[in-house]
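A.B. asks: Please find one structure pasted underneath; my questions will follow.
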Amino acid sequence: MPEDLAAAASRAQLGMQSPRVMVETHAGSGLPGTTVVGLPETAVREARDRVKSAIRNSGFKYPEGRVVINLAPADLAKQGARFDLAMAVSVLAATNQLDTTRLNEFEFLGELSLAGSLRPVSGTLCAAIQSRAQRNWFVVPYENAAEAHLLDDCSVLPCRTLTEVVRTVADPEHHPGLTVLPPPAIDPPPGLFGTIVGQQAAKRAIQIGAAGAHHLLMIGPPGTGKTLLARAMPELVPRLEAEVALEIASIYSAAGLVRGDYFRIPFRDPHHSASAPAIVGGGRTPTPGEASLAHGGVLFLDEMPHFAPAVLNLLREPLESRVATIARTAYRAAFPARFQLVGAMNPCPSGRVCDQTTCRCTSAQIQAYQNRIPGPLIDRVDLQFWVPALSADQLTALPVPESITGLVEAVEQARRRQTARQSHLNADLPGIEARRKAPLTQTAHKLLTTAVEGFSLSARSYHKVIKVAWTIADLEPSDVIREVHVAEALSFRAVDWENRLGVG
Ligand SMILES: [Zn+2]
């Protein structure tokens, strides 16, 4: 490369992808001025000013003559200030203010302040994963180091200032590496589940739901603990494997968010006023929505009929394909969205004032209210159950925290059995496969057949009963599905949607 020409590598961000971008600088003679090619018009001026100031305020010289900075490939959508650092490094290299011997072993990511310090950017983890695949040194802002930590990789080099970056490029082996403390390995147990008073049936349903990742819907008057049950559910789920934790952390990284405990399943509870992009993703640049932020965990929709039906309808695709696709004129991106849907609703539109004995809502009002939840969503729900009002005795009882260790262990081994058997949890078992492979005993099969005829269950409901019964058997654990498992699974069709959720 000619002396006044240099290049530094960086990474763009397109959803979960981080394609490599080369930042080339030519520092020549001619009228003073800087031209930036390959960035959107609006971003150019700001980037140019930041880079120039950062270089000068770090004690280096910004070239006097003509400077051309080119970000390639040109047709790649590039946004934000994430290329500042690579631009500065490239300028310093082109003007011999930086050791270029090993520059091609490096990639750089980060925004620069006018004073020359590095500011965090989104998508660091996604970029670090792809940079690692190329066996490069990857320089990131210090504040992004915690997320990169999950990689457990010494090639990620967090830096605080441009000066520190220049030192590091000359001698990467002497960089202290990832000295940032990792996120705490074990969350202090929040202990919600063990303090829920009464509601034994609902708690059992929650445990079954956790064991098979079944979508579930809780129906009951306000104040009976539906929200508490949903919030407590992640406590029953075992800690995540490193690979899954990394995948989830990448989604948060793409959203510019940092998770508290990477190894606990995510729990997201968007408000019912949430917009479509907030739920399934979107924005000026591809940003994951709640469906993806709940990947590997729980998406809790409280007061489900209060969500805009159009927004709820958008969840159909991720529920079906387990991916949220965002298509805009400017881009197309996809984020993983394998969430467990947990819904809660009142039995009638005036749930705040009605109870089962005083409800005066007309059946037409009740029906219109329930119909706000799209049928295809209800079709995906394996477990529907009542969370009834508590008796006066139960209400006055003081919560005595119970140990949930046994419950968590049962869920853990049930999940292990499922993944060993079919490489996914029972919720994702196709209906036909469930029917063909479920190890029902003869009496269990007989009970199921009788129930199907007696309750005139649809084929879909029939498959759901088998899947839930299988999870119940896995919890026990039992290699066969017995009558008692089917009977319990059938109890979750008691509030079958087809029969409506009539109150009183
Ligand atoms: Zn009512």
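Residues are named by chain letter and number: chains run A, B, ... in the order of the structure tokens, numbers start at 1 in each chain, and ligands are numbered from 1 in the order shown.
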Name the residues of region 207-259 of chain A that come out as strand (DSSP E) in a backbone DSSP run; write them as a list in words.
C.D. replies: Leu216, Leu217, Met218 and Ile219 of chain A
A.B. asks: Could you save the residues just selected, with N, CA and C atoms, as a PDB file, in the first residue's frame?
C.D. replies:
```pdb
ATOM      1  N   LEU A 216     -49.634 -20.524  27.305  1.00  0.00           N
ATOM      2  CA  LEU A 216     -50.747 -20.667  28.228  1.00  0.00           C
ATOM      3  C   LEU A 216     -51.528 -19.374  28.408  1.00  0.00           C
ATOM      4  N   LEU A 217     -52.776 -19.553  28.822  1.00  0.00           N
ATOM      5  CA  LEU A 217     -53.673 -18.417  29.039  1.00  0.00           C
ATOM      6  C   LEU A 217     -54.368 -18.577  30.380  1.00  0.00           C
ATOM      7  N   MET A 218     -54.216 -17.545  31.221  1.00  0.00           N
ATOM      8  CA  MET A 218     -54.856 -17.555  32.538  1.00  0.00           C
ATOM      9  C   MET A 218     -56.077 -16.655  32.491  1.00  0.00           C
ATOM     10  N   ILE A 219     -57.181 -17.182  32.985  1.00  0.00           N
ATOM     11  CA  ILE A 219     -58.403 -16.399  32.988  1.00  0.00           C
ATOM     12  C   ILE A 219     -58.883 -16.277  34.437  1.00  0.00           C
TER      13      ILE A 219
END
```
A.B. asks: What residues of the protein or nucleic acid chains come within 6 Å of ligand 1 when you use only C-alpha atoms and all ligand atoms? Reply as a ChimeraX atom specification.
C.D. replies: /A:348-351,354,359-361
A.B. asks: Using only C-alpha atoms, determine which residues lie at most 10 Å from Lys464 (chain A), disregarding the query and same-chain residues fewer than 5 positions distant; provide the list as a tab-separated table (two decimals) with N, CA and C atoms, in the first residue's frame.
C.D. replies:
```tsv
chain	number	residue	atom	x	y	z
A	214	HIS	N	-45.09	-24.72	27.06
A	214	HIS	CA	-46.41	-24.59	26.44
A	214	HIS	C	-46.93	-23.16	26.56
A	379	ASP	N	-55.55	-20.67	19.21
A	379	ASP	CA	-55.26	-22.02	18.70
A	379	ASP	C	-53.90	-22.53	19.17
A	380	ARG	N	-52.98	-21.60	19.43
A	380	ARG	CA	-51.62	-22.01	19.81
A	380	ARG	C	-51.51	-22.30	21.30
A	381	VAL	N	-52.53	-21.89	22.05
A	381	VAL	CA	-52.45	-22.03	23.51
A	381	VAL	C	-52.75	-23.47	23.92
A	382	ASP	N	-51.79	-24.10	24.60
A	382	ASP	CA	-51.97	-25.49	25.02
A	382	ASP	C	-52.68	-25.60	26.37
A	383	LEU	N	-52.46	-24.60	27.23
A	383	LEU	CA	-53.01	-24.67	28.58
A	383	LEU	C	-53.88	-23.45	28.85
A	426	ASN	N	-41.82	-30.09	24.23
A	426	ASN	CA	-43.11	-30.62	23.76
A	426	ASN	C	-43.99	-29.57	23.09
A	427	ALA	N	-43.86	-28.30	23.48
A	427	ALA	CA	-44.68	-27.25	22.86
A	427	ALA	C	-44.46	-27.20	21.36
A	429	LEU	N	-43.77	-29.70	19.41
A	429	LEU	CA	-44.03	-31.00	18.78
A	429	LEU	C	-45.19	-30.83	17.79
A	430	PRO	N	-44.98	-31.17	16.51
A	430	PRO	CA	-46.10	-31.07	15.58
A	430	PRO	C	-47.22	-32.03	16.01
A	431	GLY	N	-48.48	-31.60	15.84
A	431	GLY	CA	-49.63	-32.38	16.31
A	431	GLY	C	-49.61	-33.81	15.82
A	434	ALA	N	-47.06	-35.86	17.56
A	434	ALA	CA	-47.49	-36.16	18.93
A	434	ALA	C	-48.44	-37.35	18.92
A	435	ARG	N	-49.37	-37.36	17.98
A	435	ARG	CA	-50.37	-38.43	17.93
A	435	ARG	C	-49.70	-39.76	17.58
A	458	SER	N	-61.89	-30.78	19.06
A	458	SER	CA	-61.36	-30.67	17.70
A	458	SER	C	-60.05	-31.45	17.61
A	459	ALA	N	-59.61	-31.70	16.37
A	459	ALA	CA	-58.34	-32.41	16.18
A	459	ALA	C	-57.21	-31.65	16.87
A	469	ALA	N	-50.27	-34.00	28.19
A	469	ALA	CA	-50.20	-35.25	28.97
A	469	ALA	C	-48.77	-35.80	28.94
A	470	TRP	N	-48.11	-35.63	27.81
A	470	TRP	CA	-46.73	-36.12	27.67
A	470	TRP	C	-45.80	-35.34	28.60
A	489	ALA	N	-54.35	-33.58	31.89
A	489	ALA	CA	-54.26	-32.74	30.68
A	489	ALA	C	-55.64	-32.29	30.23
A	490	LEU	N	-56.62	-33.19	30.36
A	490	LEU	CA	-57.99	-32.84	29.94
A	490	LEU	C	-58.57	-31.72	30.80
A	492	PHE	N	-57.27	-29.09	31.56
A	492	PHE	CA	-56.92	-27.78	31.01
A	492	PHE	C	-57.72	-27.45	29.75
A	493	ARG	N	-58.60	-28.35	29.36
A	493	ARG	CA	-59.54	-28.00	28.29
A	493	ARG	C	-60.88	-27.62	28.90
```
A.B. asks: Using only C-alpha atoms, find the one residue out of A:Val91, A:Leu319, A:Val244, A:Ala145 that sits nearest to Asp428 (chain A).
C.D. replies: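 Closest residue, counting only C-alpha atoms: A:Leu319.
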A.B. asks: Give me, as a PyMOL selection string, all polymer residues having an atom no more than 12 Å from Leu448 (chain A), counting only C-alpha atoms and skipping those fewer than 6 positions away in the same chain.
C.D. replies: chain A and resi 435+440-442+454-457+459+461-466+469+481-491
A.B. asks: Just checking: using only C-alpha atoms, which residue out of A:Thr124, A:Ser423, A:Ser478, A:Asn346 ends up closest to Thr227 (chain A)?
C.D. replies: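 Nearest candidate to Thr227 (chain A) out of A:Thr124, A:Ser423, A:Ser478, A:Asn346: A:Asn346.
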A.B. asks: Have a look at CA of Gly220 (chain A) and CA of Ala344 (chain A) and let me know their distance in Å, one decimal.
C.D. replies: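 A separation of 7.9 Å between them.
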A.B. asks: As a PyMOL selection string, which residues of region 243-273 of chain A does DSSP assign to helix (DSSP H, G or I)?
C.D. replies: chain A and resi 243-254
A.B. asks: Store the residues picked out above, limited to C-alpha atoms, as a compact mmCIF listing (two decimals), in the first residue's frame.
C.D. replies:
```txt
# COMPACT_ATOMS: atom_id res chain seq x y z
CA GLU A 243 -24.89 -21.39 23.61
CA VAL A 244 -28.49 -20.26 24.15
CA ALA A 245 -27.39 -17.51 26.53
CA LEU A 246 -25.06 -16.21 23.84
CA GLU A 247 -27.80 -16.23 21.20
CA ILE A 248 -30.15 -14.28 23.48
CA ALA A 249 -27.42 -11.85 24.46
CA SER A 250 -26.75 -11.20 20.75
CA ILE A 251 -30.38 -10.15 20.28
CA TYR A 252 -30.09 -7.76 23.22
CA SER A 253 -26.82 -6.48 21.82
CA ALA A 254 -28.50 -5.78 18.47
```
A.B. asks: So that I can see what lies close to Glu64 (chain A), please list as a list in words the residues with an atom at most 12 Å from it, counting only C-alpha atoms and leaving out residues fewer than 4 positions away in the same chain.
C.D. replies: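 Result of the neighbour search: Ala27, Gly28, Ser29, Gly30, Leu31, Pro32, Gly33, Thr34, Lys52, Arg56, Val91 and Thr95 of chain A.
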A.B. asks: Please tabulate, as JSON lines, the residues of region 183-231 of chain A that come within 12 Å of region 266-285 of chain A, each with its closest pair of atoms and the distance in Å to one decimal, counting only C-alpha atoms and ordering rows by chain, then residue number upward.
C.D. replies:
```
{"residue": "A:Thr227", "atom": "CA", "partner": "A:Asp269", "partner_atom": "CA", "distance": 9.7}
{"residue": "A:Leu228", "atom": "CA", "partner": "A:Asp269", "partner_atom": "CA", "distance": 11.9}
{"residue": "A:Ala230", "atom": "CA", "partner": "A:Phe267", "partner_atom": "CA", "distance": 9.1}
{"residue": "A:Arg231", "atom": "CA", "partner": "A:Phe267", "partner_atom": "CA", "distance": 7.6}
```
